[in-house]
$ cat final_28.tsv   # TSV, C-alpha atoms and all ligand atoms
chain	number	residue	atom	x	y	z
A	1	MET	CA	-99.38	61.85	-54.16
A	2	LYS	CA	-95.82	62.62	-55.23
A	3	ILE	CA	-93.62	60.01	-53.59
A	4	VAL	CA	-89.81	59.93	-53.48
A	5	VAL	CA	-88.43	56.54	-52.40
A	6	LEU	CA	-84.77	56.25	-51.35
A	7	THR	CA	-83.46	52.69	-51.36
A	8	GLY	CA	-80.25	51.17	-50.03
A	9	ALA	CA	-78.58	47.78	-49.87
A	10	GLY	CA	-81.24	46.44	-47.47
A	11	ILE	CA	-83.91	46.29	-50.19
A	12	SER	CA	-81.71	43.89	-52.19
A	13	ALA	CA	-80.58	41.79	-49.20
A	14	GLU	CA	-83.40	39.20	-49.58
A	15	SER	CA	-82.42	38.85	-53.25
A	16	GLY	CA	-79.01	37.60	-52.09
A	17	VAL	CA	-77.03	40.82	-52.67
A	18	PRO	CA	-74.73	41.43	-49.65
A	19	THR	CA	-75.18	44.73	-47.76
A	20	PHE	CA	-72.23	47.00	-47.02
A	21	ARG	CA	-72.06	47.27	-43.29
A	22	ALA	CA	-72.44	43.69	-42.27
A	23	ALA	CA	-71.20	42.64	-38.82
A	24	ASP	CA	-67.63	41.99	-39.91
A	25	GLY	CA	-67.19	45.57	-41.08
A	26	LEU	CA	-65.57	44.30	-44.23
A	27	TRP	CA	-67.33	44.41	-47.55
A	28	GLU	CA	-66.97	41.04	-49.19
A	29	GLY	CA	-63.50	40.74	-47.65
A	30	HIS	CA	-62.32	44.21	-48.61
A	31	ARG	CA	-61.87	47.51	-46.77
A	32	VAL	CA	-64.14	50.11	-48.34
A	33	GLU	CA	-61.25	52.52	-48.80
A	34	ASP	CA	-59.42	49.92	-50.86
A	35	VAL	CA	-62.22	49.21	-53.34
A	36	ALA	CA	-64.67	52.17	-53.29
A	37	THR	CA	-62.40	55.22	-53.55
A	38	PRO	CA	-60.55	56.76	-56.53
A	39	GLU	CA	-57.35	56.47	-54.46
A	40	GLY	CA	-57.91	52.74	-54.09
A	41	PHE	CA	-58.44	52.45	-57.84
A	42	GLU	CA	-55.30	54.48	-58.53
A	43	ARG	CA	-53.29	52.33	-56.11
A	44	ASP	CA	-54.50	48.93	-57.30
A	45	PRO	CA	-56.80	49.03	-60.36
A	46	GLU	CA	-56.79	45.25	-60.81
A	47	THR	CA	-58.19	44.58	-57.31
A	48	VAL	CA	-60.91	47.19	-57.82
A	49	GLN	CA	-61.79	45.96	-61.32
A	50	ARG	CA	-61.95	42.36	-60.03
A	51	PHE	CA	-64.19	43.45	-57.09
A	52	TYR	CA	-66.69	45.07	-59.47
A	53	ASP	CA	-66.37	42.33	-62.13
A	54	ASP	CA	-67.37	39.78	-59.47
A	55	ARG	CA	-70.37	41.87	-58.34
A	56	ARG	CA	-71.42	42.53	-61.96
A	57	ALA	CA	-71.26	38.79	-62.74
A	58	HIS	CA	-73.21	38.02	-59.53
A	59	LEU	CA	-76.14	40.10	-60.84
A	60	SER	CA	-77.14	37.34	-63.27
A	61	THR	CA	-77.62	34.96	-60.33
A	62	VAL	CA	-80.03	37.17	-58.32
A	63	ALA	CA	-83.61	38.29	-58.92
A	64	PRO	CA	-85.89	41.06	-57.65
A	65	ASN	CA	-87.68	40.28	-54.38
A	66	PRO	CA	-91.26	41.24	-53.33
A	67	ALA	CA	-90.05	44.64	-52.14
A	68	HIS	CA	-88.77	45.62	-55.59
A	69	VAL	CA	-91.92	44.20	-57.19
A	70	ALA	CA	-94.20	46.12	-54.82
A	71	LEU	CA	-92.54	49.45	-55.70
A	72	ALA	CA	-92.96	48.68	-59.41
A	73	ARG	CA	-96.63	47.85	-58.75
A	74	LEU	CA	-97.12	51.18	-56.96
A	75	GLU	CA	-95.68	53.04	-59.96
A	76	ALA	CA	-97.73	51.02	-62.48
A	77	GLN	CA	-100.96	51.48	-60.53
A	78	GLY	CA	-100.85	55.10	-61.64
A	79	ASP	CA	-102.51	56.92	-58.74
A	80	HIS	CA	-99.15	58.19	-57.46
A	81	ASP	CA	-96.09	59.78	-59.02
A	82	VAL	CA	-93.24	57.53	-57.80
A	83	LEU	CA	-89.52	58.34	-58.18
A	84	VAL	CA	-87.08	55.67	-56.94
A	85	VAL	CA	-83.72	57.18	-55.94
A	86	THR	CA	-81.41	54.26	-55.27
A	87	GLN	CA	-77.96	54.11	-53.71
A	88	ASN	CA	-77.75	50.57	-55.07
A	89	VAL	CA	-75.75	49.76	-58.17
A	90	ASP	CA	-77.72	46.62	-59.05
A	91	ASP	CA	-80.51	46.54	-61.67
A	92	LEU	CA	-83.17	44.88	-59.52
A	93	HIS	CA	-85.57	47.85	-59.51
A	94	GLU	CA	-85.56	47.90	-63.31
A	95	ARG	CA	-85.92	44.13	-63.57
A	96	ALA	CA	-88.91	44.32	-61.20
A	97	GLY	CA	-90.57	46.80	-63.59
A	98	SER	CA	-89.81	50.22	-62.10
A	99	HIS	CA	-89.23	52.80	-64.84
A	100	ASP	CA	-88.46	56.04	-62.99
A	101	VAL	CA	-85.24	54.94	-61.25
A	102	LEU	CA	-82.29	57.22	-60.49
A	103	HIS	CA	-78.95	55.56	-59.60
A	104	MET	CA	-77.26	58.28	-57.54
A	105	HIS	CA	-74.19	56.07	-56.89
A	106	GLY	CA	-73.90	54.70	-60.44
A	107	GLU	CA	-74.54	51.22	-61.85
A	108	LEU	CA	-72.65	47.95	-62.14
A	109	LEU	CA	-73.97	47.54	-65.70
A	110	SER	CA	-72.34	50.76	-66.91
A	111	ALA	CA	-68.70	51.50	-67.80
A	112	TRP	CA	-67.14	54.96	-67.87
A	113	CYS	CA	-64.30	55.86	-70.25
A	114	LEU	CA	-61.71	58.13	-68.67
A	115	ALA	CA	-60.39	59.08	-72.13
A	116	CYS	CA	-63.60	60.27	-73.84
A	117	ASP	CA	-65.90	60.56	-70.80
A	118	GLY	CA	-68.39	58.26	-72.55
A	119	ARG	CA	-70.63	55.89	-70.55
A	120	PHE	CA	-71.65	52.55	-72.01
A	121	ARG	CA	-73.90	49.70	-70.94
A	122	TRP	CA	-71.50	46.95	-69.86
A	123	ASP	CA	-72.31	43.46	-68.57
A	124	GLY	CA	-68.91	41.79	-68.94
A	125	PRO	CA	-65.56	42.13	-67.10
A	126	LEU	CA	-63.32	45.22	-67.21
A	127	LEU	CA	-60.22	43.54	-65.72
A	128	ASP	CA	-58.83	42.69	-69.17
A	129	ARG	CA	-58.87	46.38	-70.17
A	130	PRO	CA	-61.31	46.15	-73.12
A	131	ALA	CA	-61.40	48.93	-75.74
A	132	CYS	CA	-63.87	51.76	-75.19
A	133	PRO	CA	-66.79	51.36	-77.68
A	134	GLY	CA	-66.61	55.12	-78.25
A	135	CYS	CA	-62.94	55.97	-78.67
A	136	GLY	CA	-61.06	52.66	-78.56
A	137	ASP	CA	-58.98	53.67	-75.53
A	138	GLN	CA	-58.42	51.04	-72.82
A	139	GLY	CA	-59.32	53.35	-69.93
A	140	LEU	CA	-62.72	52.00	-68.93
A	141	ARG	CA	-63.56	52.08	-65.18
A	142	PRO	CA	-66.71	51.02	-63.31
A	143	ASP	CA	-69.40	53.74	-63.60
A	144	ILE	CA	-69.71	53.81	-59.82
A	145	VAL	CA	-69.66	56.89	-57.53
A	146	TRP	CA	-66.86	56.19	-55.04
A	147	PHE	CA	-66.32	57.93	-51.70
A	148	GLY	CA	-65.13	61.47	-52.33
A	149	GLU	CA	-66.83	61.56	-55.75
A	150	TYR	CA	-69.95	63.56	-56.50
A	151	PRO	CA	-73.18	61.51	-56.66
A	152	TYR	CA	-75.29	61.73	-59.82
A	153	GLU	CA	-78.37	63.96	-60.33
A	154	LEU	CA	-78.39	65.70	-56.94
A	155	ASP	CA	-80.23	68.70	-58.44
A	156	ARG	CA	-82.99	66.48	-59.83
A	157	ILE	CA	-83.27	64.70	-56.49
A	158	ASP	CA	-83.56	67.98	-54.58
A	159	GLU	CA	-86.24	69.24	-56.99
A	160	ALA	CA	-88.19	65.99	-56.45
A	161	LEU	CA	-87.86	66.36	-52.68
A	162	GLN	CA	-89.18	69.92	-52.90
A	163	ARG	CA	-92.30	68.67	-54.71
A	164	ALA	CA	-92.76	65.47	-52.67
A	165	ASP	CA	-95.77	64.79	-50.46
A	166	LEU	CA	-94.07	61.70	-49.03
A	167	PHE	CA	-90.42	60.60	-48.64
A	168	VAL	CA	-89.86	56.90	-47.92
A	169	SER	CA	-86.44	55.48	-46.98
A	170	ILE	CA	-86.12	51.72	-47.51
A	171	GLY	CA	-83.22	49.47	-46.45
A	172	THR	CA	-80.53	52.03	-45.79
A	173	SER	CA	-78.46	52.58	-42.67
A	174	GLY	CA	-78.32	56.32	-43.21
A	175	ALA	CA	-74.53	56.13	-42.91
A	176	VAL	CA	-73.60	57.73	-46.22
A	177	TYR	CA	-74.10	61.34	-47.26
A	178	PRO	CA	-75.56	63.20	-49.00
A	179	ALA	CA	-78.26	60.46	-49.25
A	180	ALA	CA	-78.53	60.28	-45.45
A	181	GLY	CA	-79.48	63.96	-45.41
A	182	PHE	CA	-82.47	63.60	-47.76
A	183	VAL	CA	-84.88	62.98	-44.87
A	184	ARG	CA	-83.94	66.34	-43.37
A	185	SER	CA	-84.49	68.10	-46.70
A	186	ALA	CA	-87.82	66.32	-47.24
A	187	HIS	CA	-88.98	67.33	-43.76
A	188	ALA	CA	-87.88	70.93	-44.29
A	189	TYR	CA	-89.75	71.01	-47.61
A	190	GLY	CA	-92.94	69.84	-45.88
A	191	ALA	CA	-93.11	66.19	-46.94
A	192	ARG	CA	-94.18	63.41	-44.61
A	193	THR	CA	-91.35	60.96	-43.95
A	194	LEU	CA	-91.44	57.17	-43.46
A	195	GLU	CA	-88.60	54.72	-42.73
A	196	LEU	CA	-88.97	51.05	-43.71
A	197	ASN	CA	-85.92	49.11	-42.52
A	198	LEU	CA	-85.02	45.80	-40.91
A	199	GLU	CA	-84.20	47.58	-37.64
A	200	PRO	CA	-83.94	51.13	-36.26
A	201	THR	CA	-81.13	53.22	-37.77
A	202	ASN	CA	-79.17	56.28	-36.63
A	203	GLY	CA	-81.74	58.40	-38.45
A	204	THR	CA	-84.96	56.73	-37.30
A	205	ASP	CA	-85.86	59.60	-34.97
A	206	LEU	CA	-85.79	61.98	-37.94
A	207	PHE	CA	-88.78	60.22	-39.55
A	208	ASP	CA	-92.47	60.92	-38.85
A	209	GLU	CA	-93.07	57.17	-38.90
A	210	ALA	CA	-90.85	54.05	-38.91
A	211	ARG	CA	-91.78	50.41	-39.53
A	212	HIS	CA	-89.20	47.72	-38.92
A	213	GLY	CA	-88.94	44.29	-40.50
A	214	PRO	CA	-87.63	42.65	-43.69
A	215	ALA	CA	-88.27	44.73	-46.79
A	216	GLY	CA	-89.79	41.73	-48.58
A	217	THR	CA	-92.60	41.82	-46.00
A	218	VAL	CA	-92.85	45.44	-44.88
A	219	VAL	CA	-92.75	47.10	-48.32
A	220	PRO	CA	-95.55	45.04	-49.94
A	221	ALA	CA	-97.69	45.62	-46.83
A	222	TRP	CA	-97.13	49.39	-47.05
A	223	VAL	CA	-97.82	49.45	-50.82
A	224	GLY	CA	-100.94	47.34	-50.26
A	225	GLU	CA	-102.31	49.95	-47.84
A	226	LEU	CA	-101.51	52.76	-50.26
A	227	VAL	CA	-103.10	51.02	-53.25
A	228	ALA	CA	-106.18	50.02	-51.21
A	229	GLY	CA	-106.44	53.49	-49.67
B	301	LIG	C1	-69.53	63.21	-51.70
B	301	LIG	C2	-70.84	52.97	-54.44
B	301	LIG	C3	-69.01	65.48	-52.30
B	301	LIG	C4	-69.87	51.91	-54.23
B	301	LIG	C5	-71.16	54.13	-52.40
B	301	LIG	C6	-71.56	65.14	-45.61
B	301	LIG	C7	-72.01	65.60	-46.86
B	301	LIG	C8	-71.51	65.09	-48.03
B	301	LIG	C9	-70.52	64.09	-47.99
B	301	LIG	C10	-70.07	63.62	-46.77
B	301	LIG	C11	-70.58	64.14	-45.59
B	301	LIG	N1	-69.97	63.48	-44.57
B	301	LIG	C12	-69.10	62.58	-45.06
B	301	LIG	C13	-69.11	62.64	-46.40
B	301	LIG	C14	-68.26	61.86	-47.29
B	301	LIG	C15	-68.87	60.52	-47.71
B	301	LIG	C16	-69.61	59.82	-46.61
B	301	LIG	O1	-70.82	59.90	-46.53
B	301	LIG	N2	-68.88	59.10	-45.78
B	301	LIG	C17	-69.52	58.35	-44.72
B	301	LIG	C18	-68.85	57.00	-44.59
B	301	LIG	C19	-69.44	59.19	-43.45
B	301	LIG	N3	-69.74	60.71	-48.85
B	301	LIG	C20	-69.20	60.72	-50.09
B	301	LIG	O2	-68.02	60.60	-50.31
B	301	LIG	C21	-70.18	60.91	-51.23
B	301	LIG	N4	-69.72	61.97	-52.11
B	301	LIG	O3	-69.61	63.50	-50.53
B	301	LIG	O4	-69.25	64.14	-52.71
B	301	LIG	C22	-70.27	66.14	-51.88
B	301	LIG	C23	-70.22	67.08	-50.86
B	301	LIG	C24	-71.37	67.73	-50.46
B	301	LIG	C25	-72.60	67.44	-51.07
B	301	LIG	C26	-72.64	66.50	-52.08
B	301	LIG	C27	-71.48	65.84	-52.48
B	301	LIG	C28	-70.22	59.66	-52.12
B	301	LIG	C29	-70.86	58.54	-51.38
B	301	LIG	C30	-71.07	57.38	-52.35
B	301	LIG	C31	-70.08	56.28	-52.05
B	301	LIG	N5	-70.42	55.10	-52.83
B	301	LIG	N6	-71.49	53.11	-53.18
B	301	LIG	C32	-70.51	50.60	-54.53
B	301	LIG	O5	-71.73	50.43	-54.34
B	301	LIG	O6	-69.74	49.76	-54.94
B	301	LIG	S1	-71.82	54.19	-50.85
B	301	LIG	C33	-72.41	52.69	-50.35
B	301	LIG	O7	-73.05	52.94	-49.09
B	301	LIG	C34	-73.50	52.10	-51.22
B	301	LIG	O8	-73.93	52.92	-52.28
B	301	LIG	C35	-74.65	51.96	-50.25
B	301	LIG	O9	-75.86	51.99	-50.84
B	301	LIG	C36	-74.40	53.13	-49.40
B	301	LIG	C37	-75.19	53.25	-48.14
B	301	LIG	O10	-75.18	52.02	-47.52
B	301	LIG	P1	-76.59	51.27	-47.37
B	301	LIG	O11	-77.21	51.11	-48.71
B	301	LIG	O12	-77.38	51.97	-46.33
B	301	LIG	O13	-76.14	49.85	-46.90
B	301	LIG	P2	-75.72	49.44	-45.42
B	301	LIG	O14	-75.12	48.09	-45.47
B	301	LIG	O15	-75.00	50.58	-44.77
B	301	LIG	O16	-77.13	49.34	-44.65
B	301	LIG	C38	-78.05	48.35	-45.03
B	301	LIG	C39	-79.33	48.65	-44.29
B	301	LIG	O17	-80.30	47.71	-44.70
B	301	LIG	C40	-79.19	48.51	-42.79
B	301	LIG	O18	-79.86	49.58	-42.15
B	301	LIG	C41	-79.90	47.19	-42.48
B	301	LIG	O19	-80.56	47.23	-41.22
B	301	LIG	C42	-80.91	47.13	-43.57
B	301	LIG	N7	-81.31	45.78	-43.97
B	301	LIG	C43	-80.55	44.66	-44.04
B	301	LIG	N8	-81.32	43.64	-44.47
B	301	LIG	C44	-82.56	44.12	-44.68
B	301	LIG	C45	-82.57	45.49	-44.36
B	301	LIG	N9	-83.66	46.26	-44.45
B	301	LIG	C46	-84.80	45.66	-44.87
B	301	LIG	N10	-84.87	44.36	-45.20
B	301	LIG	C47	-83.78	43.56	-45.11
B	301	LIG	N11	-83.89	42.26	-45.44
$ encode --input "final_28.tsv" --output "structure tokens" --more "lines below"
Ligand code: BV8
Amino acid sequence: MKIVVLTGAGISAESGVPTFRAADGLWEGHRVEDVATPEGFERDPETVQRFYDDRRAHLSTVAPNPAHVALARLEAQGDHDVLVVTQNVDDLHERAGSHDVLHMHGELLSAWCLACDGRFRWDGPLLDRPACPGCGDQGLRPDIVWFGEYPYELDRIDEALQRADLFVSIGTSGAVYPAAGFVRSAHAYGARTLELNLEPTNGTDLFDEARHGPAGTVVPAWVGELVAG
């Protein structure tokens, strides 16, 4: 089978990476519009750089959980063609062993130069305005897709959805578009659709099937059935 898996913050929650829409509505003490929009960056670049520097540094303290590992196992097992489209900016899918991973909202471990448009692997801070490895300019920003900016590789994602036999959504609230619309596209293209999430979401009724529980439990169980089947 051709499987497209969409993941969100919920798949990384059990690894200790905070989700976005926790009860307090704030995101690690910040309003989303202050730290995840180009306007917020324009208004206060230091606060935004510090917000992403902290999250980038936090990556070295977290590890993939059984959900990430199960998806990597499904890909490695070879019977299915698995594409992971993630809204997450962490590197936990890659560290778990997944190879075909598409970061539609960018990556913490990448920096984007506004002077030369180059993108560079980056695991340190950006607050101190380091020189771009490509052009030497000091205009590096986080390589993150903020609200109002165009997500990466939407054409490739749509092509994969057109070919998919199965679309699985894991650990996302379905609050952010265009990712939240993928289930509708998948259904229209004739794929079966499955939601694996801690609890029902606004989009649960759009799925052919939904299983609720922690990703670290529900995803390995689902992969186990697929591999056994
Ligand atoms: C764009 C990077 C133009 C930052 C992020 C209609 C069409 C197109 C756009 C829009 C539209 N309507 C509105 C818009 C504009 C906007 C939008 O969607 N706004 C929302 C608020 C209404 N979208 C945009 O601006 C996008 N760009 O529109 O470009 C365009 C126009 C047309 C067509 C194409 C393009 C850009 C959006 C990207 C913004 N950047 N992230 C960063 O990460 O620092 S979004 C941010 O939210 C994260 O990427 C995150 O992944 C994403 C979604 O959140 P979730 O991952 O779902 O996380 P959340 O906390 O919400 O939910 C966690 C879930 O996990 C919950 O369901 C919970 O139950 C579950 N869970 C918790 N624990 C567990 C668990 N599940 C399992 N196990 C557990 N243990």
$ closest_residue --input "final_28.tsv" --among "A:Ala188, A:Ala210, A:Trp27, A:Thr7" --to "Trp222 (chain A)" --atoms "only C-alpha atoms"
A:Ala210
$ residues_around --input "final_28.tsv" --residues "region 57-73 of chain A" --least-positions-apart "4" --cutoff "7 Å" --atoms "all atoms listed in the file" --output "VMD selection string"
chain A and resid 11 14 to 16 53 77 90 92 to 93 95 to 98 215 to 216 219 to 220 223
$ residues_near_ligand --input "final_28.tsv" --ligand "ligand LIG 301 (chain B)" --cutoff "8 Å" --atoms "only C-alpha atoms and all ligand atoms" --output "PyMOL selection string"
chain A and resi 7-14+18-22+35-37+52+86-89+105-106+108+144-151+154+170-181+196-201+212-216
$ atom_distance --input "final_28.tsv" --atom1 "CA of Ala186 (chain A)" --atom2 "CA of Asp81 (chain A)"
15.8 Å
$ closest_residue --input "final_28.tsv" --among "A:Asp117, A:Gly40, A:Pro130, A:Leu166" --to "Ala191 (chain A)" --atoms "only C-alpha atoms"
A:Leu166
$ atom_distance --input "final_28.tsv" --atom1 "CA of Phe120 (chain A)" --atom2 "CA of Met104 (chain A)"
16.5 Å
$ residues_near_point --input "final_28.tsv" --point "(-87.8, 53.2, -56.3)" --cutoff "6 Å" --atoms "all atoms listed in the file" --output "MDAnalysis selection string"
chainID A and resid 5 83:85 101
$ residues_around --input "final_28.tsv" --residues "Thr193 (chain A)" --least-positions-apart "6" --cutoff "8 Å" --atoms "all atoms listed in the file" --output "list in words"
Leu166, Phe167, Val168, Ser169, Val183, Ala186, His187, Phe207, Asp208 and Glu209 of chain A
$ atom_distance --input "final_28.tsv" --atom1 "CA of Arg129 (chain A)" --atom2 "CA of Gln49 (chain A)"
9.3 Å
